[in-house]
Amino acid sequence: MSEKLLEIKDLEVIYKTDLETVYAVNGINLSLNRGETVGIVGETGAGKTTTALSIMRLLPSNTGVIPNGSITFDGQNILTLKEGDMRAIRGERISMIFQDPMTSLNPVLSVGDQIEEALILHNHEKRTKEQIKMRVEETLELVGIPSFRKNEYPHQFSGGMKQRVVIAIALACEPELLIADEPTTALDVTIQAQVLAMMKELKDKMQTSMIMITHDLGIVALTCDKVAVMYAGEIVEFGTVEDIFRSEKHHPYTIGLFGSIPNLEQESERLDPIDGLMPDPTDLPAGCKFSPRCPSCMEICKTSPPNDYYDGEHRIKCHLFNIED
Amino acid sequence: MIKFVVGRTLMIIPILLGVTFIVFTILYLTPGDPGRMILGPQAEQIAVDMLNEEMGFNDPFFTRFFAYVINVVTRFDFGTSFRTRQPVFDEILIRFPYTLRLATAAVVVASFIGIPIGVLSAVKQYSLADLIPRAISMFLAAVPLFWLGLMLILTFALTLGWLPSSGVATWRHYILPVTTSALPTAAGLMRMTRSTMLETIRQDYIRTARAKGAPEGRVIFKHALKNALLPVVTVLGGSFGFLLGGAIVTETVFAMPGLGTMMVNAIRMQDIPMVLAATIFIATICCLVILMVDLAYGFIDPRIRAKFLK
């Protein structure tokens, strides 16, 4: 159970254009065991999707650069793999559910064809055409779409149904690692719950590891085993769901995140959001990236970046705890 | 589907009536004496007047217009040429195959050059494979057609002596005119394909295709090209219609007996029935081409097909 499937070490990603350099991901460490679900939470622009695209090696080829770090998947560093070898992994061993189901499906191909494609591309079992057709129908039924609709086109499906199709594409080859990039952001709340429940069920059935990217803490509590809180391209806090939701010690940013959602047990007139905005990723603060917005900011925070503080598996990147020890 | 096709085909009728009316009015307003045109400058004035009266050229405008339309609709009679005294439609039918051959070949050649190069230059944006075709296409789109034709004649017919410069006797005679018509069309197609491809390959569904592990060629040709093709087909249909309407410059430069040269001659000779018939014929062809383009949309894009079927 504790076998490592994915390990990200000191990963840095920048987007380099003629005008500026965006520091999207700044040295993150993350590991994932088989069958486990890790949630990555954080604001828009924290580097969550960039991290996911790095694992898929699908960063925009003209701007995205990985200057440092390694991503080890099942023992091999995928950042140094040849494109052809990577292609064999993509869609078969690692697959990704994209954020916006409205634009993630090709409008001129039928949904059946789009699911079938992954199966044809990774046909190791030498399935016959008939068997592939069967598998397509099976996958559709699995995500709750009647199989007779496989010849229909994306415009004939509703948003929630489209997201199911996107999930079906990702699941068709029974991947070992599934990256779900805000799979429910584009959906309304009732459909959200259905899709999440379905994903959890499928994950348990197929023993898939999952990275769940979201900015919804409710989803994290519902689906994840471990959580990484990202801020300005760094993981500021990492731990089990227990650590994040129950522990006394937290990164000030995590406290801020929890302060931004309504609490059922406490009577309060207003929510307590984090003041200020994310720092400009082209010009990050010198010390702790969160220091300009941090309510407990100290002198040291403005000048030197904090190290990780460990409490078992729970890890917090903040000077507050380093000083105590 | 059938309902859509029939409906669209019926739409052609009012368009053609409109075209006929406009051209008829313009020709009615042009100065000139039809009787004099037919009988020639030496004829007696009295004979000219008698002919005008006899052929109804002195009748009021609307009487003449409706008489013309009724003749065309009921007897398919477009009148006789002032110059040759032959039914004009027969001459159009003799001339049309040359133009059709030229236009079809030009459009086919243009697509085979323009679309692949457009795709290549979009995929390799800002590389030499992009810059060079773009520079060439800019040049071809800007250069006047007659100059291009003359340069080709100068190079391949006069200097090198490889190809004939005028006439339509063999397929070799078509090479230079087809090239002349095809190159600027290819340039337009290339630029259009490039810009729509650039837009398409940045779409989310292209990333989805890559995430499935699809190789680049498959991503481009199966996922992107079909989406990028719609505006390209529009341009293609437009150029085809334009070329069928008589590639006047090309035909003149290469002395081809096509519709274009015929029309220019008819206009110069004030051969009114000929000009009218040719215009109506070309308008019909253009309408049919546009209809085909609309149907091609449905073939390419299921969203549009869904609208047809409803």
# chains A, B, ... in the order shown; residues from 1 in each chain; ligands from 1
call {"tool": "residues_around", "arguments": {"residues": "segment 72-79 of chain A", "least_positions_apart": "2", "cutoff": "6 Å", "atoms": "only C-alpha atoms", "output": "PDB file with N, CA and C atoms, in the first residue's frame"}}
result
ATOM      1  N   LEU A   5       4.283   5.747  -6.050  1.00  0.00           N
ATOM      2  CA  LEU A   5       3.975   5.729  -7.473  1.00  0.00           C
ATOM      3  C   LEU A   5       4.576   6.954  -8.145  1.00  0.00           C
ATOM      4  N   LEU A   6       4.432   8.076  -7.458  1.00  0.00           N
ATOM      5  CA  LEU A   6       4.892   9.326  -8.067  1.00  0.00           C
ATOM      6  C   LEU A   6       5.662  10.118  -7.047  1.00  0.00           C
ATOM      7  N   GLU A   7       6.799  10.637  -7.450  1.00  0.00           N
ATOM      8  CA  GLU A   7       7.532  11.502  -6.548  1.00  0.00           C
ATOM      9  C   GLU A   7       8.034  12.730  -7.289  1.00  0.00           C
ATOM     10  N   LEU A  81      12.451  11.442 -20.253  1.00  0.00           N
ATOM     11  CA  LEU A  81      12.001  10.436 -21.217  1.00  0.00           C
ATOM     12  C   LEU A  81      11.924  11.024 -22.613  1.00  0.00           C
TER      13      LEU A  81
END
call {"tool": "residues_around", "arguments": {"residues": "Ile132 of chain A", "least_positions_apart": "3", "cutoff": "10 Å", "atoms": "only C-alpha atoms", "output": "list of chain:residue names"}}
result
A:Ile115, A:Glu116, A:Glu117, A:Leu119, A:Ile120, A:Asn123, A:Lys126, A:Arg127, A:Thr128, A:Lys129, A:Arg135, A:Val136, A:Glu137, A:Glu138
call {"tool": "residues_around", "arguments": {"residues": "His215 of chain A", "least_positions_apart": "6", "cutoff": "8 Å", "atoms": "only C-alpha atoms", "output": "PyMOL selection string"}}
result
chain A and resi 40-44+182
call {"tool": "closest_atom_pairs", "arguments": {"of": "chain B", "to": "chain A", "cutoff": "10 Å", "atoms": "only C-alpha atoms", "output": "JSON lines"}}
result
{"residue": "B:Gln125", "atom": "CA", "partner": "A:Asn62", "partner_atom": "CA", "distance": 9.8}
{"residue": "B:Arg202", "atom": "CA", "partner": "A:Pro60", "partner_atom": "CA", "distance": 9.3}
{"residue": "B:Gln203", "atom": "CA", "partner": "A:Thr103", "partner_atom": "CA", "distance": 7.3}
{"residue": "B:Asp204", "atom": "CA", "partner": "A:Ser104", "partner_atom": "CA", "distance": 4.9}
{"residue": "B:Tyr205", "atom": "CA", "partner": "A:Ser104", "partner_atom": "CA", "distance": 4.3}
{"residue": "B:Ile206", "atom": "CA", "partner": "A:Asn106", "partner_atom": "CA", "distance": 7.6}
{"residue": "B:Arg207", "atom": "CA", "partner": "A:Leu58", "partner_atom": "CA", "distance": 7.6}
{"residue": "B:Thr208", "atom": "CA", "partner": "A:Ser104", "partner_atom": "CA", "distance": 6.1}
{"residue": "B:Ala209", "atom": "CA", "partner": "A:Gln114", "partner_atom": "CA", "distance": 8.4}
{"residue": "B:Arg210", "atom": "CA", "partner": "A:Leu58", "partner_atom": "CA", "distance": 7.7}
{"residue": "B:Ala211", "atom": "CA", "partner": "A:Gly91", "partner_atom": "CA", "distance": 5.6}
{"residue": "B:Lys212", "atom": "CA", "partner": "A:Gly91", "partner_atom": "CA", "distance": 3.9}
{"residue": "B:Gly213", "atom": "CA", "partner": "A:Arg87", "partner_atom": "CA", "distance": 4.5}
{"residue": "B:Ala214", "atom": "CA", "partner": "A:Leu121", "partner_atom": "CA", "distance": 6.7}
{"residue": "B:Pro215", "atom": "CA", "partner": "A:Arg87", "partner_atom": "CA", "distance": 7.2}
{"residue": "B:Glu216", "atom": "CA", "partner": "A:Arg87", "partner_atom": "CA", "distance": 9.9}
{"residue": "B:Lys222", "atom": "CA", "partner": "A:Leu109", "partner_atom": "CA", "distance": 9.2}
{"residue": "B:His223", "atom": "CA", "partner": "A:Asn106", "partner_atom": "CA", "distance": 7.0}
{"residue": "B:Ala224", "atom": "CA", "partner": "A:Asn106", "partner_atom": "CA", "distance": 8.7}
{"residue": "B:Lys226", "atom": "CA", "partner": "A:Val108", "partner_atom": "CA", "distance": 7.3}
{"residue": "B:Asn227", "atom": "CA", "partner": "A:Val108", "partner_atom": "CA", "distance": 6.8}
{"residue": "B:Phe299", "atom": "CA", "partner": "A:Val108", "partner_atom": "CA", "distance": 9.9}
{"residue": "B:Ile300", "atom": "CA", "partner": "A:Val108", "partner_atom": "CA", "distance": 7.2}
{"residue": "B:Asp301", "atom": "CA", "partner": "A:Val108", "partner_atom": "CA", "distance": 5.5}
{"residue": "B:Pro302", "atom": "CA", "partner": "A:Val108", "partner_atom": "CA", "distance": 5.9}
{"residue": "B:Arg303", "atom": "CA", "partner": "A:His155", "partner_atom": "CA", "distance": 6.8}
{"residue": "B:Ala306", "atom": "CA", "partner": "A:Gln156", "partner_atom": "CA", "distance": 9.3}
call {"tool": "residues_around", "arguments": {"residues": "segment 286-303 of chain A", "least_positions_apart": "6", "cutoff": "9 Å", "atoms": "only C-alpha atoms", "output": "list in words"}}
result
Tyr231, Ala232, Glu234, Pro252, Tyr253, Gly256, Ile274, Asp275, Gly276, Leu277, Met278, Pro279, Lys317, Cys318, His319 and Leu320 of chain A
call {"tool": "write_last_selection", "arguments": {"atoms": "C-alpha atoms", "output": "short mmCIF file (atom, residue, chain, number, x, y, z; two decimals), in the first residue's frame"}}
result
data_model
loop_
_atom_site.label_atom_id
_atom_site.label_comp_id
_atom_site.auth_asym_id
_atom_site.auth_seq_id
_atom_site.Cartn_x
_atom_site.Cartn_y
_atom_site.Cartn_z
CA TYR A 231 0.59 29.32 -2.67
CA ALA A 232 2.56 31.24 -5.30
CA GLU A 234 5.12 26.56 -3.38
CA PRO A 252 -1.15 31.27 8.26
CA TYR A 253 -2.31 30.90 4.65
CA GLY A 256 -6.81 32.20 5.96
CA ILE A 274 -7.31 36.94 3.25
CA ASP A 275 -6.41 40.56 2.56
CA GLY A 276 -4.53 41.48 -0.55
CA LEU A 277 -3.81 39.58 -3.74
CA MET A 278 -1.42 36.86 -4.85
CA PRO A 279 2.03 38.30 -5.55
CA LYS A 317 6.74 26.05 5.33
CA CYS A 318 6.75 28.88 7.85
CA HIS A 319 9.16 30.75 10.14
CA LEU A 320 6.65 30.69 13.01
#
call {"tool": "residues_around", "arguments": {"residues": "segment 247-257 of chain B", "least_positions_apart": "6", "cutoff": "8 Å", "atoms": "only C-alpha atoms", "output": "PyMOL selection string"}}
result
chain B and resi 95+98-99+103+145-146+149-150+165-168+177+180-181+264
call {"tool": "write_last_selection", "arguments": {"atoms": "C-alpha atoms", "output": "short mmCIF file (atom, residue, chain, number, x, y, z; two decimals), in the first residue's frame"}}
result
data_model
loop_
_atom_site.label_atom_id
_atom_site.label_comp_id
_atom_site.auth_asym_id
_atom_site.auth_seq_id
_atom_site.Cartn_x
_atom_site.Cartn_y
_atom_site.Cartn_z
CA ARG B 95 -17.18 28.09 -74.14
CA TYR B 98 -12.72 25.46 -71.10
CA THR B 99 -13.47 27.69 -68.14
CA ALA B 103 -11.27 26.64 -62.70
CA LEU B 145 -2.58 38.30 -62.23
CA PHE B 146 -1.65 39.46 -65.72
CA GLY B 149 0.84 35.19 -66.35
CA LEU B 150 3.21 37.18 -68.52
CA SER B 165 1.96 30.01 -74.31
CA SER B 166 -1.55 30.12 -75.76
CA GLY B 167 -4.44 27.99 -76.94
CA VAL B 168 -6.21 24.97 -75.49
CA PRO B 177 -3.01 29.21 -67.14
CA THR B 180 -1.46 31.50 -62.99
CA SER B 181 -4.94 31.11 -61.51
CA VAL B 264 -15.21 40.72 -72.55
#
call {"tool": "residues_around", "arguments": {"residues": "Val5 of chain B", "least_positions_apart": "4", "cutoff": "10 Å", "atoms": "only C-alpha atoms", "output": "short mmCIF file (atom, residue, chain, number, x, y, z; two decimals) with N, CA and C atoms, in the first residue's frame"}}
result
data_model
loop_
_atom_site.label_atom_id
_atom_site.label_comp_id
_atom_site.auth_asym_id
_atom_site.auth_seq_id
_atom_site.Cartn_x
_atom_site.Cartn_y
_atom_site.Cartn_z
N MET B 1 -32.90 16.94 -44.26
CA MET B 1 -31.79 17.20 -45.18
C MET B 1 -32.31 17.57 -46.57
N THR B 9 -32.20 25.45 -52.72
CA THR B 9 -32.22 25.54 -54.17
C THR B 9 -33.28 26.53 -54.64
N LEU B 10 -34.43 26.51 -53.98
CA LEU B 10 -35.49 27.45 -54.35
C LEU B 10 -35.08 28.90 -54.10
N MET B 11 -34.24 29.08 -53.08
CA MET B 11 -33.75 30.44 -52.78
C MET B 11 -33.00 31.05 -53.96
N LEU B 291 -24.17 26.83 -52.60
CA LEU B 291 -25.01 25.77 -52.03
C LEU B 291 -24.15 24.56 -51.65
N MET B 292 -23.22 24.21 -52.54
CA MET B 292 -22.35 23.07 -52.25
C MET B 292 -21.49 23.33 -51.01
N ASP B 294 -22.26 25.22 -48.49
CA ASP B 294 -23.12 25.09 -47.31
C ASP B 294 -23.32 23.62 -46.94
N LEU B 295 -23.48 22.79 -47.96
CA LEU B 295 -23.66 21.37 -47.68
C LEU B 295 -22.37 20.78 -47.12
N PHE B 308 -29.45 21.43 -39.98
CA PHE B 308 -30.09 21.02 -41.23
C PHE B 308 -31.21 20.05 -40.97
#
call {"tool": "atom_distance", "arguments": {"atom1": "atom CA of Leu229 of chain B", "atom2": "atom CA of Ala296 of chain B"}}
result
10.2 Å
call {"tool": "closest_residue", "arguments": {"among": "A:Gly112, A:Gly35, A:Pro183, A:Gly69", "to": "Met212 of chain A", "atoms": "only C-alpha atoms"}}
result
A:Pro183
call {"tool": "residues_around", "arguments": {"residues": "Ile280 of chain B", "least_positions_apart": "2", "cutoff": "12 Å", "atoms": "only C-alpha atoms", "output": "number ranges by chain"}}
result
B: 12-13, 15-24, 69, 72, 78, 88-89, 92, 245, 263, 273-278, 282-287
call {"tool": "write_last_selection", "arguments": {"atoms": "N, CA and C atoms", "output": "short mmCIF file (atom, residue, chain, number, x, y, z; two decimals), in the first residue's frame"}}
result
data_model
loop_
_atom_site.label_atom_id
_atom_site.label_comp_id
_atom_site.auth_asym_id
_atom_site.auth_seq_id
_atom_site.Cartn_x
_atom_site.Cartn_y
_atom_site.Cartn_z
N ILE B 12 -32.48 30.18 -54.83
CA ILE B 12 -31.70 30.68 -55.96
C ILE B 12 -32.59 31.49 -56.92
N ILE B 13 -33.88 31.12 -57.01
CA ILE B 13 -34.76 31.77 -57.99
C ILE B 13 -34.86 33.28 -57.78
N ILE B 15 -32.83 35.19 -56.25
CA ILE B 15 -31.50 35.78 -56.46
C ILE B 15 -31.27 36.01 -57.95
N LEU B 16 -31.60 34.97 -58.75
CA LEU B 16 -31.37 35.09 -60.19
C LEU B 16 -32.25 36.17 -60.81
N LEU B 17 -33.51 36.24 -60.35
CA LEU B 17 -34.39 37.29 -60.86
C LEU B 17 -33.79 38.67 -60.57
N GLY B 18 -33.27 38.81 -59.36
CA GLY B 18 -32.65 40.09 -58.97
C GLY B 18 -31.47 40.41 -59.87
N VAL B 19 -30.60 39.41 -60.06
CA VAL B 19 -29.42 39.62 -60.90
C VAL B 19 -29.86 40.03 -62.30
N THR B 20 -30.84 39.28 -62.84
CA THR B 20 -31.32 39.58 -64.19
C THR B 20 -31.82 41.02 -64.27
N PHE B 21 -32.59 41.41 -63.28
CA PHE B 21 -33.16 42.76 -63.30
C PHE B 21 -32.06 43.82 -63.29
N ILE B 22 -31.09 43.64 -62.44
CA ILE B 22 -30.02 44.65 -62.33
C ILE B 22 -29.22 44.74 -63.64
N VAL B 23 -28.83 43.57 -64.15
CA VAL B 23 -28.02 43.60 -65.37
C VAL B 23 -28.85 44.14 -66.53
N PHE B 24 -30.11 43.72 -66.58
CA PHE B 24 -30.99 44.20 -67.66
C PHE B 24 -31.09 45.72 -67.61
N VAL B 69 -37.80 37.76 -69.53
CA VAL B 69 -37.90 36.75 -68.48
C VAL B 69 -38.82 35.61 -68.92
N VAL B 72 -37.14 33.36 -71.34
CA VAL B 72 -36.14 32.51 -70.71
C VAL B 72 -36.81 31.38 -69.95
N PHE B 78 -32.60 32.52 -74.53
CA PHE B 78 -31.88 33.70 -74.05
C PHE B 78 -31.64 34.70 -75.17
N VAL B 88 -27.54 32.57 -78.10
CA VAL B 88 -26.39 32.83 -77.23
C VAL B 88 -26.06 31.67 -76.32
N PHE B 89 -27.10 30.94 -75.89
CA PHE B 89 -26.84 29.89 -74.91
C PHE B 89 -25.96 28.79 -75.50
N ILE B 92 -22.46 29.84 -75.11
CA ILE B 92 -22.00 29.69 -73.72
C ILE B 92 -21.61 28.25 -73.44
N GLY B 245 -16.71 32.03 -62.88
CA GLY B 245 -17.31 33.22 -63.48
C GLY B 245 -16.42 33.80 -64.56
N MET B 263 -17.14 36.98 -72.62
CA MET B 263 -17.87 38.09 -72.02
C MET B 263 -17.23 39.42 -72.33
N PRO B 273 -27.74 40.56 -75.62
CA PRO B 273 -28.25 39.23 -75.21
C PRO B 273 -27.14 38.33 -74.68
N MET B 274 -25.97 38.44 -75.29
CA MET B 274 -24.85 37.61 -74.88
C MET B 274 -24.41 37.98 -73.46
N VAL B 275 -24.26 39.27 -73.20
CA VAL B 275 -23.83 39.72 -71.88
C VAL B 275 -24.83 39.27 -70.81
N LEU B 276 -26.12 39.48 -71.12
CA LEU B 276 -27.17 39.10 -70.18
C LEU B 276 -27.13 37.60 -69.87
N ALA B 277 -27.11 36.81 -70.93
CA ALA B 277 -27.15 35.36 -70.74
C ALA B 277 -25.93 34.89 -69.96
N ALA B 278 -24.76 35.44 -70.32
CA ALA B 278 -23.54 35.01 -69.64
C ALA B 278 -23.60 35.37 -68.16
N ILE B 282 -23.44 32.73 -65.09
CA ILE B 282 -22.41 32.77 -64.05
C ILE B 282 -23.05 32.88 -62.66
N ALA B 283 -24.10 33.69 -62.58
CA ALA B 283 -24.79 33.85 -61.28
C ALA B 283 -25.33 32.50 -60.82
N THR B 284 -25.92 31.74 -61.75
CA THR B 284 -26.45 30.43 -61.41
C THR B 284 -25.34 29.53 -60.88
N ILE B 285 -24.23 29.51 -61.61
CA ILE B 285 -23.11 28.67 -61.20
C ILE B 285 -22.64 29.06 -59.79
N CYS B 286 -22.51 30.37 -59.56
CA CYS B 286 -22.05 30.83 -58.25
C CYS B 286 -23.01 30.37 -57.15
N CYS B 287 -24.32 30.51 -57.42
CA CYS B 287 -25.30 30.09 -56.42
C CYS B 287 -25.13 28.60 -56.11
#
call {"tool": "select_by_dssp", "arguments": {"residues": "segment 136-207 of chain A", "states": "strand (DSSP E)", "output": "list of chain:residue names"}}
result
A:Leu177, A:Leu178, A:Ile179, A:Ala180, A:Asp181
call {"tool": "write_last_selection", "arguments": {"atoms": "C-alpha atoms", "output": "PDB file, in the first residue's frame"}}
result
ATOM      1  CA  LEU A 177      -2.550   7.753 -11.916  1.00  0.00           C
ATOM      2  CA  LEU A 178      -5.456  10.045 -12.575  1.00  0.00           C
ATOM      3  CA  ILE A 179      -4.980  13.789 -12.421  1.00  0.00           C
ATOM      4  CA  ALA A 180      -8.253  15.616 -11.964  1.00  0.00           C
ATOM      5  CA  ASP A 181      -7.857  19.323 -12.597  1.00  0.00           C
TER       6      ASP A 181
END
call {"tool": "select_by_dssp", "arguments": {"residues": "segment 11-252 of chain A", "states": "helix (DSSP H, G or I)", "output": "number ranges by chain"}}
result
A: 48-56, 78-80, 83-89, 101-104, 111-121, 129-142, 147-151, 154-156, 159-171, 189-206, 217-223, 241-246, 252
call {"tool": "atom_distance", "arguments": {"atom1": "atom CA of Met206 of chain A", "atom2": "atom CA of Asp113 of chain A"}}
result
22.9 Å
call {"tool": "atom_distance", "arguments": {"atom1": "atom CA of Ala122 of chain B", "atom2": "atom CA of Arg194 of chain B"}}
result
4.9 Å
